[in-house]
file entry_14.txt (compact mmCIF, C-alpha atoms)
# COMPACT_ATOMS: atom_id res chain seq x y z
CA MET A 1 0.87 -6.72 25.75
CA ARG A 2 -2.35 -6.46 23.74
CA ALA A 3 -2.36 -7.49 20.10
CA ALA A 4 -4.82 -8.21 17.31
CA ILE A 5 -4.69 -11.85 16.23
CA VAL A 6 -6.07 -13.40 13.05
CA GLU A 7 -6.71 -16.82 14.55
CA ALA A 8 -8.36 -18.50 11.56
CA PRO A 9 -9.90 -17.37 8.26
CA GLY A 10 -12.60 -14.84 9.10
CA LYS A 11 -11.77 -14.70 12.80
CA VAL A 12 -9.89 -11.80 14.41
CA SER A 13 -9.76 -10.69 18.04
CA VAL A 14 -7.65 -8.61 20.41
CA VAL A 15 -5.92 -10.66 23.12
CA SER A 16 -3.04 -10.53 25.58
CA VAL A 17 0.23 -12.06 24.35
CA PRO A 18 3.78 -12.09 25.78
CA ASP A 19 5.86 -8.95 25.31
CA PRO A 20 8.41 -9.37 22.48
CA ALA A 21 12.17 -9.27 23.01
CA PRO A 22 14.69 -8.16 20.38
CA GLY A 23 17.25 -10.53 18.92
CA PRO A 24 20.64 -9.46 17.57
CA ARG A 25 20.32 -6.55 15.13
CA GLU A 26 16.65 -6.13 16.08
CA VAL A 27 14.67 -3.49 17.97
CA VAL A 28 11.34 -3.41 19.75
CA VAL A 29 9.08 -0.59 18.62
CA GLU A 30 6.27 0.75 20.79
CA VAL A 31 3.64 1.19 18.09
CA ALA A 32 2.09 4.64 17.77
CA ALA A 33 -0.19 3.83 14.83
CA CYS A 34 -0.81 0.92 12.48
CA GLY A 35 -2.69 1.30 9.20
CA LEU A 36 -5.12 -1.16 7.63
CA CYS A 37 -5.02 -2.05 3.94
CA GLY A 38 -6.34 -4.57 1.45
CA THR A 39 -3.59 -7.03 2.32
CA ASP A 40 -5.03 -7.28 5.83
CA LEU A 41 -8.37 -8.34 4.36
CA HIS A 42 -6.64 -11.03 2.33
CA ILE A 43 -4.87 -12.29 5.46
CA LEU A 44 -8.21 -12.40 7.24
CA GLN A 45 -9.50 -14.53 4.35
CA GLY A 46 -6.60 -16.94 4.86
CA GLU A 47 -4.58 -15.69 1.88
CA PHE A 48 -0.99 -14.40 1.84
CA ALA A 49 -0.01 -15.42 5.37
CA PRO A 50 1.59 -18.88 5.21
CA THR A 51 0.25 -19.88 8.61
CA LEU A 52 -2.31 -18.62 11.07
CA PRO A 53 -2.56 -17.34 13.74
CA ILE A 54 -0.70 -14.12 12.92
CA VAL A 55 -0.53 -10.61 14.35
CA PRO A 56 -1.28 -8.45 11.28
CA GLY A 57 -0.14 -4.93 10.57
CA HIS A 58 2.58 -4.03 8.07
CA GLU A 59 2.02 -0.25 8.01
CA PHE A 60 3.31 1.09 11.30
CA ALA A 61 5.56 3.56 13.08
CA GLY A 62 6.48 4.15 16.69
CA VAL A 63 9.24 4.67 19.23
CA VAL A 64 12.19 2.34 19.86
CA VAL A 65 11.96 0.99 23.41
CA ALA A 66 14.55 -1.81 23.33
CA ALA A 67 17.51 -2.77 21.17
CA GLY A 68 19.24 -6.11 20.72
CA ALA A 69 22.94 -6.85 20.43
CA ASP A 70 25.01 -4.97 17.83
CA VAL A 71 22.41 -2.27 17.21
CA SER A 72 24.03 1.14 16.78
CA GLU A 73 21.98 2.81 14.02
CA VAL A 74 19.07 3.75 16.30
CA ALA A 75 18.71 4.21 20.03
CA VAL A 76 15.98 3.85 22.61
CA GLY A 77 13.71 6.85 22.28
CA ASP A 78 14.16 7.27 18.53
CA ARG A 79 10.97 7.65 16.51
CA VAL A 80 10.95 5.35 13.49
CA ALA A 81 8.86 4.13 10.60
CA VAL A 82 9.30 0.46 9.70
CA ASP A 83 9.72 -1.09 6.26
CA PRO A 84 7.98 -4.48 6.63
CA SER A 85 9.93 -6.22 3.84
CA LEU A 86 11.79 -9.40 4.83
CA PRO A 87 13.44 -10.80 1.69
CA CYS A 88 15.70 -13.83 2.07
CA HIS A 89 18.67 -12.14 0.26
CA GLU A 90 19.62 -15.58 -1.11
CA CYS A 91 17.23 -16.60 -3.90
CA ARG A 92 17.71 -15.68 -7.55
CA TYR A 93 15.33 -12.72 -7.38
CA CYS A 94 16.98 -11.24 -4.30
CA ARG A 95 20.41 -11.66 -5.90
CA VAL A 96 19.34 -9.66 -8.95
CA GLY A 97 17.84 -6.87 -6.85
CA ARG A 98 14.17 -7.93 -7.04
CA GLY A 99 13.60 -8.69 -3.37
CA ASN A 100 9.88 -7.93 -3.65
CA LEU A 101 9.63 -11.08 -5.79
CA CYS A 102 11.61 -13.19 -3.29
CA ASP A 103 10.98 -16.93 -3.56
CA ARG A 104 10.70 -17.01 0.24
CA PHE A 105 8.78 -13.75 0.51
CA GLY A 106 8.33 -12.52 4.05
CA ALA A 107 6.97 -9.36 5.64
CA ILE A 108 6.33 -8.07 9.13
CA GLY A 109 2.59 -8.36 9.72
CA VAL A 110 2.20 -10.91 6.93
CA THR A 111 4.54 -13.80 7.71
CA THR A 112 5.75 -12.65 11.15
CA ALA A 113 4.06 -10.73 13.96
CA GLY A 114 3.23 -7.18 12.92
CA GLY A 115 2.28 -3.76 14.18
CA ALA A 116 -1.37 -4.30 15.19
CA ALA A 117 -0.10 -4.56 18.73
CA GLU A 118 1.35 -2.47 21.51
CA PHE A 119 4.89 -3.56 20.58
CA ALA A 120 6.49 -5.02 17.46
CA VAL A 121 9.95 -6.41 16.64
CA ALA A 122 11.78 -5.24 13.53
CA PRO A 123 15.28 -5.59 12.08
CA VAL A 124 17.20 -2.37 12.67
CA ALA A 125 17.92 -2.28 8.92
CA ASN A 126 14.18 -1.81 8.33
CA CYS A 127 13.87 1.25 10.58
CA VAL A 128 13.92 4.78 9.19
CA ARG A 129 14.40 7.54 11.73
CA LEU A 130 11.74 10.26 11.53
CA PRO A 131 12.53 13.99 11.53
CA GLU A 132 11.20 16.00 14.46
CA HIS A 133 8.49 17.80 12.48
CA ILE A 134 6.73 14.51 11.61
CA GLU A 135 4.02 13.23 13.94
CA VAL A 136 4.88 9.61 14.59
CA GLY A 137 1.20 8.67 14.48
CA ASP A 138 1.02 9.96 10.89
CA ALA A 139 4.07 8.01 9.71
CA ALA A 140 2.07 4.80 9.21
CA LEU A 141 1.34 6.39 5.81
CA ILE A 142 4.95 5.92 4.70
CA GLU A 143 4.60 2.21 3.90
CA PRO A 144 1.65 2.59 1.50
CA LEU A 145 3.38 5.61 -0.01
CA SER A 146 6.46 3.44 -0.63
CA CYS A 147 4.25 1.02 -2.56
CA ALA A 148 2.96 3.92 -4.66
CA VAL A 149 6.54 5.07 -5.31
CA ARG A 150 7.32 1.54 -6.51
CA GLY A 151 4.32 1.76 -8.83
CA TYR A 152 5.70 4.89 -10.44
CA ASP A 153 9.13 3.29 -10.73
CA VAL A 154 7.44 0.60 -12.83
CA LEU A 155 5.55 3.17 -14.93
CA ARG A 156 8.65 5.28 -15.65
CA GLY A 157 6.33 8.22 -16.15
CA THR A 158 6.20 10.11 -19.44
CA LEU A 159 5.87 13.88 -19.36
CA GLY A 160 2.49 15.08 -20.56
CA ALA A 161 0.65 11.77 -20.02
CA GLN A 162 -3.09 11.58 -19.49
CA VAL A 163 -3.68 9.29 -16.48
CA LEU A 164 -6.81 7.42 -15.40
CA ILE A 165 -7.00 5.93 -11.90
CA TYR A 166 -9.64 3.41 -10.83
CA GLY A 167 -10.36 3.83 -7.12
CA SER A 168 -10.02 6.77 -4.75
CA GLY A 169 -9.19 4.91 -1.58
CA THR A 170 -5.84 5.52 0.08
CA MET A 171 -3.78 3.97 -2.71
CA GLY A 172 -5.69 5.61 -5.54
CA LEU A 173 -5.30 8.99 -3.85
CA MET A 174 -1.57 8.41 -3.34
CA MET A 175 -1.21 7.50 -7.02
CA LEU A 176 -3.05 10.73 -7.82
CA GLU A 177 -0.66 12.79 -5.71
CA LEU A 178 2.38 11.18 -7.34
CA ALA A 179 0.93 11.49 -10.86
CA LYS A 180 0.61 15.24 -10.31
CA ARG A 181 4.32 15.32 -9.46
CA THR A 182 5.64 13.07 -12.23
CA GLY A 183 4.64 15.08 -15.25
CA ALA A 184 1.03 14.04 -15.89
CA VAL A 185 -0.89 16.66 -17.83
CA GLY A 186 -4.20 15.34 -16.48
CA VAL A 187 -5.31 12.83 -13.86
CA ASP A 188 -8.85 11.49 -13.87
CA VAL A 189 -10.24 9.34 -11.05
CA LEU A 190 -13.12 6.87 -11.07
CA ASP A 191 -14.98 5.55 -8.03
CA ILE A 192 -18.54 4.50 -7.22
CA ASN A 193 -18.10 5.84 -3.67
CA PRO A 194 -19.08 9.55 -3.79
CA ASP A 195 -17.41 10.41 -0.48
CA ARG A 196 -14.06 9.03 -1.64
CA LEU A 197 -14.46 10.66 -5.03
CA ALA A 198 -14.98 14.00 -3.29
CA THR A 199 -11.56 13.59 -1.69
CA ALA A 200 -9.99 13.08 -5.11
CA GLU A 201 -11.60 16.34 -6.22
CA LEU A 202 -10.31 18.05 -3.08
CA LEU A 203 -6.79 16.90 -3.99
CA GLY A 204 -7.06 18.41 -7.45
CA CYS A 205 -7.79 15.62 -9.93
CA SER A 206 -8.67 16.75 -13.45
CA GLY A 207 -11.91 14.82 -13.57
CA ALA A 208 -13.91 12.64 -11.16
CA ALA A 209 -16.72 10.30 -12.11
CA ALA A 210 -18.40 6.99 -11.37
CA SER A 211 -17.58 5.66 -14.86
CA ALA A 212 -15.19 6.45 -17.69
CA GLU A 213 -18.06 7.21 -20.07
CA GLU A 214 -18.74 10.39 -18.09
CA LEU A 215 -15.29 11.79 -18.92
CA ASP A 216 -14.30 13.65 -22.10
CA ARG A 217 -11.29 11.47 -22.84
CA ALA A 218 -13.21 8.17 -22.89
CA PRO A 219 -13.38 7.78 -26.71
CA ARG A 220 -9.62 8.04 -27.27
CA GLY A 221 -8.45 6.50 -24.01
CA TRP A 222 -5.69 7.35 -21.56
CA ASP A 223 -1.91 7.03 -21.86
CA VAL A 224 -1.68 5.46 -18.41
CA VAL A 225 -4.48 3.50 -16.72
CA ILE A 226 -3.97 2.41 -13.10
CA ASP A 227 -6.19 -0.01 -11.26
CA ALA A 228 -6.07 0.71 -7.53
CA THR A 229 -9.13 -1.38 -6.67
CA GLY A 230 -8.32 -5.03 -7.33
CA ASN A 231 -11.92 -5.33 -8.52
CA ALA A 232 -12.27 -7.63 -11.55
CA ALA A 233 -14.95 -5.48 -13.23
CA ALA A 234 -12.87 -2.31 -12.83
CA ILE A 235 -9.79 -4.10 -14.18
CA GLN A 236 -11.68 -5.37 -17.21
CA ASP A 237 -13.02 -1.91 -17.94
CA GLY A 238 -9.61 -0.32 -17.45
CA LEU A 239 -7.90 -2.65 -19.91
CA GLY A 240 -10.22 -1.29 -22.58
CA ARG A 241 -9.44 2.34 -21.75
CA VAL A 242 -5.73 2.32 -22.58
CA ALA A 243 -4.82 4.54 -25.55
CA LYS A 244 -2.53 3.41 -28.35
CA GLY A 245 1.00 3.01 -27.05
CA GLY A 246 -0.27 3.29 -23.49
CA THR A 247 0.27 1.34 -20.28
CA PHE A 248 -2.05 -0.47 -17.89
CA LEU A 249 -0.71 -0.88 -14.34
CA GLN A 250 -2.24 -3.49 -12.05
CA PHE A 251 -1.65 -1.88 -8.68
CA GLY A 252 -4.65 -2.98 -6.60
CA VAL A 253 -4.55 -6.38 -4.90
CA SER A 254 -7.12 -8.75 -6.39
CA ASP A 255 -8.57 -11.93 -5.00
CA TYR A 256 -6.71 -15.02 -6.13
CA ALA A 257 -9.72 -16.07 -8.20
CA ALA A 258 -10.13 -12.76 -10.08
CA ARG A 259 -9.90 -13.04 -13.87
CA ALA A 260 -9.80 -10.57 -16.78
CA VAL A 261 -9.81 -11.08 -20.54
CA ILE A 262 -7.17 -9.49 -22.78
CA GLU A 263 -7.26 -8.86 -26.53
CA PRO A 264 -3.90 -10.09 -27.86
CA TYR A 265 -4.30 -8.52 -31.31
CA ARG A 266 -5.05 -5.11 -29.82
CA ILE A 267 -2.07 -5.39 -27.45
CA TYR A 268 0.16 -6.22 -30.44
CA ASN A 269 -1.33 -3.78 -32.92
CA GLN A 270 -1.52 -0.80 -30.56
CA GLU A 271 1.66 -1.60 -28.62
CA ILE A 272 -0.08 -1.62 -25.27
CA THR A 273 1.91 -2.51 -22.16
CA ILE A 274 0.30 -4.42 -19.26
CA THR A 275 2.37 -4.56 -16.10
CA GLY A 276 2.13 -4.90 -12.34
CA SER A 277 3.68 -3.45 -9.19
CA MET A 278 4.27 -5.62 -6.14
CA ALA A 279 4.75 -4.03 -2.70
CA VAL A 280 7.98 -2.20 -1.83
CA LEU A 281 11.28 -2.29 -3.73
CA HIS A 282 14.08 0.15 -2.87
CA SER A 283 11.36 2.75 -2.33
CA TYR A 284 10.82 3.00 1.43
CA GLU A 285 13.52 5.56 2.19
CA ARG A 286 12.43 7.69 -0.77
CA ALA A 287 8.83 7.52 0.44
CA ALA A 288 9.94 8.63 3.91
CA ALA A 289 11.76 11.58 2.37
CA LEU A 290 8.74 12.49 0.25
CA PHE A 291 6.49 12.23 3.29
CA ALA A 292 8.82 14.50 5.28
CA SER A 293 8.68 17.01 2.42
CA GLY A 294 4.88 17.21 2.73
CA VAL A 295 3.84 15.30 -0.38
CA LEU A 296 0.77 14.02 1.55
CA ASP A 297 -1.56 15.77 3.97
CA PRO A 298 -2.17 13.25 6.81
CA GLY A 299 -5.29 15.16 7.79
CA VAL A 300 -6.81 14.33 4.41
CA PHE A 301 -5.53 10.77 4.11
CA ILE A 302 -6.23 9.46 7.62
CA SER A 303 -9.98 9.46 8.17
CA ASP A 304 -10.27 7.23 11.25
CA ARG A 305 -8.09 6.68 14.32
CA LEU A 306 -9.44 3.85 16.45
CA PRO A 307 -8.02 2.23 19.58
CA LEU A 308 -6.35 -1.14 19.12
CA GLU A 309 -9.15 -2.80 21.09
CA GLN A 310 -11.47 -1.92 18.21
CA TYR A 311 -9.36 -3.66 15.56
CA PRO A 312 -12.24 -6.01 14.54
CA GLN A 313 -14.52 -3.00 14.10
CA ALA A 314 -11.80 -1.19 12.15
CA ILE A 315 -11.53 -4.16 9.79
CA ASP A 316 -15.32 -4.17 9.33
CA ARG A 317 -15.29 -0.44 8.57
CA PHE A 318 -12.49 -0.86 6.06
CA ARG A 319 -14.18 -3.82 4.38
CA ALA A 320 -17.37 -1.76 4.01
CA GLY A 321 -15.45 0.92 2.09
CA LEU A 322 -15.95 3.58 4.74
CA GLY A 323 -13.42 6.34 5.24
CA ARG A 324 -9.96 6.52 3.69
CA LYS A 325 -6.91 5.35 5.64
CA ILE A 326 -7.99 3.74 8.91
CA VAL A 327 -5.35 3.39 11.61
CA VAL A 328 -5.44 1.73 15.00
CA GLU A 329 -3.57 3.26 17.89
CA PRO A 330 -2.52 1.04 20.82

call {"tool": "encode", "arguments": {"input": "entry_14.txt", "output": "structure tokens"}}
result
Amino acid sequence: MRAAIVEAPGKVSVVSVPDPAPGPREVVVEVAACGLCGTDLHILQGEFAPTLPIVPGHEFAGVVVAAGADVSEVAVGDRVAVDPSLPCHECRYCRVGRGNLCDRFGAIGVTTAGGAAEFAVAPVANCVRLPEHIEVGDAALIEPLSCAVRGYDVLRGTLGAQVLIYGSGTMGLMMLELAKRTGAVGVDVLDINPDRLATAELLGCSGAAASAEELDRAPRGWDVVIDATGNAAAIQDGLGRVAKGGTFLQFGVSDYAARAVIEPYRIYNQEITITGSMAVLHSYERAAALFASGVLDPGVFISDRLPLEQYPQAIDRFRAGLGRKIVVEP
């Protein structure tokens, strides 16, 4: 089969590799579409993945083409979306229900071969069967949506909150869509990319601007501030925009070396909460149900569909900030 391989930091190519075979309680999925995200850029930089080479791709869906021993939950021909999470189920964090913080964290496409390939292996427990009305090529959006659902689990949204989101890429737009459905009275979006910002306006944000100073609520701040960029300058600015009693959520994935300065007295005196949201936690099935209900319009979210052979070009396009969700299709 053909697969994208990150061979070394900064080096990715599409090559022929042996077809995978399922083990017990595993299936082989013929990949219909695989999304790119910021994690893939980190892997390309040599971060996250414990060893290279690796087949990336943790956002994917497809059709089951082979099943290993003791698989009864799905059958050959079933269309599925795949939760990439591979917690150990043994460490302290797994035992207390925090598998996303697993001491031996693993994920399909991060620590084992992923969906940027014609075929991918997944535990049957990670497969969610898709309803007939869902296009399997659109269902690569379920994994990032499950991360956004986890983010709102962390926020425990308050009715009537004013929300500010930094970044209108895929994740920022998903956070916008969920904010509208979790009781926010207003959702403002910031981005220096006018094309992406236009999409936030299309989806019905309350305000869209290149900087917070351009928005009416800047002097008093926002109840909830979400960074969906991972950019150190945006994070620093966002920390200063949280209203009294408000919450800052670090949702975007930063470089390891990124730093921001906090003001401990202000955090104490104004009872400001700073928190984070890491990947997927008990949220994939709910995201699949939300997706099936039409919470996202794939036509808006997916801007580019490129053949697998163009994976290096897709990565370049994503890194340049072009488009929204970019998917490769084997």

call {"tool": "residues_near_point", "arguments": {"input": "entry_14.txt", "point": "(2.3, -0.1, 10.4)", "cutoff": "6 Å", "atoms": "all atoms listed in the file", "output": "PDB file with C-alpha atoms, in the frame of the given file"}}
result
ATOM      1  CA  CYS A  34      -0.810   0.920  12.480  1.00  0.00           C
ATOM      2  CA  GLY A  35      -2.690   1.300   9.200  1.00  0.00           C
ATOM      3  CA  GLY A  57      -0.140  -4.930  10.570  1.00  0.00           C
ATOM      4  CA  HIS A  58       2.580  -4.030   8.070  1.00  0.00           C
ATOM      5  CA  GLU A  59       2.020  -0.250   8.010  1.00  0.00           C
ATOM      6  CA  PHE A  60       3.310   1.090  11.300  1.00  0.00           C
ATOM      7  CA  ALA A  61       5.560   3.560  13.080  1.00  0.00           C
ATOM      8  CA  GLY A 115       2.280  -3.760  14.180  1.00  0.00           C
ATOM      9  CA  ALA A 140       2.070   4.800   9.210  1.00  0.00           C
TER      10      ALA A 140
END

call {"tool": "residues_around", "arguments": {"input": "entry_14.txt", "residues": "Tyr311 (chain A)", "least_positions_apart": "3", "cutoff": "10 Å", "atoms": "only C-alpha atoms", "output": "number ranges by chain"}}
result
A: 3-5, 12-14, 36, 116-117, 306-308, 314-317, 327-330

call {"tool": "closest_residue", "arguments": {"input": "entry_14.txt", "among": "A:Gly62, A:Gly183, A:Pro24, A:Gly230", "to": "Thr39 (chain A)", "atoms": "only C-alpha atoms"}}
result
A:Gly230

call {"tool": "residues_around", "arguments": {"input": "entry_14.txt", "residues": "region 84-96 of chain A", "least_positions_apart": "5", "cutoff": "6 Å", "atoms": "all atoms listed in the file", "output": "ChimeraX atom specification"}}
result
/A:58,102,105-108

call {"tool": "atom_distance", "arguments": {"input": "entry_14.txt", "atom1": "CA of Asp188 (chain A)", "atom2": "CA of Ala161 (chain A)"}}
result
11.3 Å

call {"tool": "closest_residue", "arguments": {"input": "entry_14.txt", "among": "A:Val82, A:Val253, A:Ala320, A:Ile274", "to": "Phe48 (chain A)", "atoms": "all atoms listed in the file"}}
result
A:Val253

call {"tool": "atom_distance", "arguments": {"input": "entry_14.txt", "atom1": "CA of Lys180 (chain A)", "atom2": "CA of Ile326 (chain A)"}}
result
24.0 Å

call {"tool": "closest_residue", "arguments": {"input": "entry_14.txt", "among": "A:Arg150, A:Arg266, A:Arg79, A:His282", "to": "Leu239 (chain A)", "atoms": "all atoms listed in the file"}}
result
A:Arg266

call {"tool": "closest_residue", "arguments": {"input": "entry_14.txt", "among": "A:Ala120, A:Val149, A:Val17, A:Ala81", "to": "Val65 (chain A)", "atoms": "all atoms listed in the file"}}
result
A:Ala120

call {"tool": "closest_residue", "arguments": {"input": "entry_14.txt", "among": "A:Tyr166, A:Phe119, A:Tyr256, A:Phe318", "to": "Ala233 (chain A)", "atoms": "all atoms listed in the file"}}
result
A:Tyr166

call {"tool": "residues_around", "arguments": {"input": "entry_14.txt", "residues": "Gly151 (chain A)", "least_positions_apart": "4", "cutoff": "8 Å", "atoms": "all atoms listed in the file", "output": "JSON, numbers by chain"}}
result
{"A": [147, 155, 249, 251, 276, 277, 278]}

call {"tool": "atom_distance", "arguments": {"input": "entry_14.txt", "atom1": "CA of Gln45 (chain A)", "atom2": "CA of Asn193 (chain A)"}}
result
23.5 Å

call {"tool": "closest_residue", "arguments": {"input": "entry_14.txt", "among": "A:Ser206, A:Thr273, A:Thr158, A:Ser211", "to": "Gly186 (chain A)", "atoms": "all atoms listed in the file"}}
result
A:Ser206
